[in-house]
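Below you'll find the structure, written out as structure tokens, and then a few comments.
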Amino acid sequence: MQFRDLVSRSRSCRRFDAEVPVGEEAVGNLVEIACCLPSARNLQPLRYIALTARAECDALFPLLGWAGYLEEWPGPEEGERPTAYLVMLNDTSIAEDSSCDSGIAAGAILLGATAAGYGGCIVGSVQKDALRRQLRIPRQYEVLMVIALGKPAETIVIDRIGEGESIRYYRDRNDIHHVPKREAADLLLRFH
């Protein structure tokens with residue numbers, strides 16, 4: 001698969017086939033990808049908690065918010081929920097903040113998941129204090145985000161938009177998830 005195709009297929013997936021597990025080995029492979037990535041000052045402060053057991057995933061699910069623009073949608077239904085999660089943490093004993101590392105890692109993990117036939121969603125709407133208590137995360141670790149993983153069970157398409165058009169993603173009457181993306185020409189600026 002060409003890199004551009006991989007990037008185009010790597011969408012925020014929010015509905016999964018709950019019958020297809022993402023095992024510990026697959027999640028471990030995604031963390032191995034993260035180990036090779038650039039890191040600000042090469043401090044490598046990111047740490048991960050992998051959840052692959054159904055009971056762990058079920059317990060984490062209520063602590064997540066799923067799609068801000070889909071206000072009427074409470075999130076994936078039973079049978080559509082992720083079969084694995086990676087909780088991304090910053091070890092504050094190494095670095096006060098994760099700088100750009102968290103974004104680099106999250107993007108690469110999603111690309112790795114897509115290449116392996118899975119899908120994922122970076123979830124920033126997390127009840128962090130409840131998650132900390134539930135997983136008994138020591139205070140030195142800052143909860144950054146949760147990456148939901150599973151076998152995609154939805155159709156997601158990119159719609160090209162022009163300057164000034166809405167960027168709000170939506171689902172059409174056929175339940176296809178549309179993600180508006182600006183054209184490259186609208187992103188490239190020139191000041192001279």
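Quick note on naming: the chains in the structure tokens go A, B, ... in the order shown, residues restart at 1 in each chain, and ligands are numbered from 1 in order of appearance.
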
Show which residues sit within 10 Å of range 159-173 of chain A, as a list in words. Count only C-alpha atoms, and ignore same-chain residues fewer than 4 positions away. Ala67, Gly68, Tyr69, Leu70, Thr155, His177, His178, Val179, Pro180, Lys181, Arg182, Glu183, Ala184, Ala185, Asp186 and Leu187 of chain A

Env of range 45-55 of chain A: 6 Å cut, atoms = only C-alpha atoms, seq-sep filter 6 positions within chain, self excluded. Answer as a PyMOL selection string. chain A and resi 84-91+94

If we count only C-alpha atoms and set the cut-off at 12 Å, which residues sit around range 128-131 of chain A, ignoring sequence neighbours fewer than 6 positions away in its own chain? Please answer as a list in words. Ile49, Glu56, Cys57, Ala59, Leu60, Phe61, Pro62, Leu63, Leu64, Gly65, Val87, Met88, Leu89, Ile137, Pro138, Arg139, Tyr141, Glu142, Val143, Leu144, Met145 and Val146 of chain A

Written file, previous selection with C-alpha atoms, as a PDB file, in the first residue's frame:
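Result file out-v2.pdb:
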```
ATOM      1  CA  ILE A  49      -1.431   0.988  29.282  1.00  0.00           C
ATOM      2  CA  GLU A  56     -11.266  -4.043  30.914  1.00  0.00           C
ATOM      3  CA  CYS A  57     -12.620  -2.523  27.704  1.00  0.00           C
ATOM      4  CA  ALA A  59     -15.117  -0.816  32.205  1.00  0.00           C
ATOM      5  CA  LEU A  60     -13.242   1.901  30.291  1.00  0.00           C
ATOM      6  CA  PHE A  61     -15.973   2.618  27.729  1.00  0.00           C
ATOM      7  CA  PRO A  62     -18.263   4.779  29.948  1.00  0.00           C
ATOM      8  CA  LEU A  63     -15.355   7.121  30.722  1.00  0.00           C
ATOM      9  CA  LEU A  64     -15.050   8.256  27.091  1.00  0.00           C
ATOM     10  CA  GLY A  65     -16.849  10.862  24.983  1.00  0.00           C
ATOM     11  CA  VAL A  87      -4.115   4.723  27.327  1.00  0.00           C
ATOM     12  CA  MET A  88      -1.351   7.230  26.558  1.00  0.00           C
ATOM     13  CA  LEU A  89       0.444   8.739  29.537  1.00  0.00           C
ATOM     14  CA  ILE A 137      -2.382   5.189  37.724  1.00  0.00           C
ATOM     15  CA  PRO A 138       0.233   6.837  39.979  1.00  0.00           C
ATOM     16  CA  ARG A 139       0.313  10.656  40.058  1.00  0.00           C
ATOM     17  CA  TYR A 141       1.772   9.890  35.031  1.00  0.00           C
ATOM     18  CA  GLU A 142      -0.420  12.440  33.282  1.00  0.00           C
ATOM     19  CA  VAL A 143      -3.298  10.916  31.319  1.00  0.00           C
ATOM     20  CA  LEU A 144      -3.073  12.387  27.802  1.00  0.00           C
ATOM     21  CA  MET A 145      -5.599  10.446  25.723  1.00  0.00           C
ATOM     22  CA  VAL A 146      -7.074   7.072  24.956  1.00  0.00           C
TER      23      VAL A 146
END
```

Hey, which of A:Ile176, A:Leu149, A:Cys100, A:Val157 ends up closest to Gly112 in chain A? Count only C-alpha atoms.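 Of the candidates, the smallest distance to Gly112 in chain A is held by A:Leu149.
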
Between A:Leu6, A:Ala34, A:Ile104, A:Ile147, single out the one closest to Val126 in chain A, counting only C-alpha atoms.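 Checking each of A:Leu6, A:Ala34, A:Ile104, A:Ile147 against Val126 in chain A, counting only C-alpha atoms, the winner is A:Ile147.
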
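Rounded to one decimal, CA of Ser12 in chain A and CA of Ala40 in chain A lie 25.4 Å from each other.
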
Among the residues A:Glu19, A:Glu154, A:Asp97, A:Glu77, the one that comes closest to Gly119 in chain A [using only C-alpha atoms]: A:Glu154

Go ahead and compute the interatomic distance for CA of Gly150 in chain A and CA of Tyr118 in chain A, in Å to one decimal.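 Between these atoms lies a distance of 5.5 Å.
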
Minimum-distance residue to Leu37 in chain A, chosen among A:Trp66, A:Glu25, A:Ala108, A:Asp175 (using only C-alpha atoms):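 Answer, going by the shortest atom-to-atom distance: A:Ala108.
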
Those of range 122-188 of chain A in DSSP strand (DSSP E), formatted as JSON, numbers by chain: {"A": [122, 123, 141, 142, 143, 144, 145, 146, 147, 148, 149, 150, 156, 157, 158, 159, 160, 161, 170, 171, 177, 178, 179, 180, 181, 182]}

Those residues you just picked out, can you put them in a file as a JSON list (two decimals), in the first residue's frame with C-alpha atoms?
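Final file, selection-v3.json:
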```json
[["chain", "number", "residue", "atom", "x", "y", "z"],
["A", 122, "ILE", "CA", -7.97, 9.17, 19.31],
["A", 123, "VAL", "CA", -10.29, 10.01, 22.18],
["A", 141, "TYR", "CA", 1.77, 9.89, 35.03],
["A", 142, "GLU", "CA", -0.42, 12.44, 33.28],
["A", 143, "VAL", "CA", -3.30, 10.92, 31.32],
["A", 144, "LEU", "CA", -3.07, 12.39, 27.80],
["A", 145, "MET", "CA", -5.60, 10.45, 25.72],
["A", 146, "VAL", "CA", -7.07, 7.07, 24.96],
["A", 147, "ILE", "CA", -6.72, 5.39, 21.57],
["A", 148, "ALA", "CA", -9.63, 3.06, 20.81],
["A", 149, "LEU", "CA", -8.82, 0.13, 18.51],
["A", 150, "GLY", "CA", -10.79, -2.51, 16.66],
["A", 156, "ILE", "CA", -15.96, 6.65, 6.35],
["A", 157, "VAL", "CA", -15.40, 8.95, 3.39],
["A", 158, "ILE", "CA", -13.43, 12.15, 2.92],
["A", 159, "ASP", "CA", -15.30, 15.06, 1.35],
["A", 160, "ARG", "CA", -13.12, 17.80, -0.12],
["A", 161, "ILE", "CA", -14.26, 21.26, 0.87],
["A", 170, "TYR", "CA", -21.61, 14.02, 9.93],
["A", 171, "ARG", "CA", -23.47, 10.83, 9.10],
["A", 177, "HIS", "CA", -19.64, 8.92, 8.06],
["A", 178, "HIS", "CA", -18.45, 12.00, 6.12],
["A", 179, "VAL", "CA", -15.28, 13.87, 7.08],
["A", 180, "PRO", "CA", -14.80, 17.25, 5.36],
["A", 181, "LYS", "CA", -11.16, 18.04, 4.56],
["A", 182, "ARG", "CA", -9.71, 21.21, 3.07]]
```

For the atom pair CA of Arg15 in chain A and CA of Glu72 in chain A, what is the interatomic distance in Å to one decimal place?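 Separation of CA of Arg15 in chain A and CA of Glu72 in chain A: 15.3 Å.
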
Can you tell me, as a ChimeraX atom specification, what residues are no more than 10 Å from Val20 in chain A when counting only C-alpha atoms, ignoring any on the same chain fewer than 2 positions away? /A:16-18,22-23,82-83,118,150-152

I'd like the neighbourhood of Pro76 in chain A as an MDAnalysis selection string, where a residue qualifies if any of its atoms comes within 7 Å (using only C-alpha atoms), though same-chain residues fewer than 4 positions away should be ignored. chainID A and resid 14:15 80:81
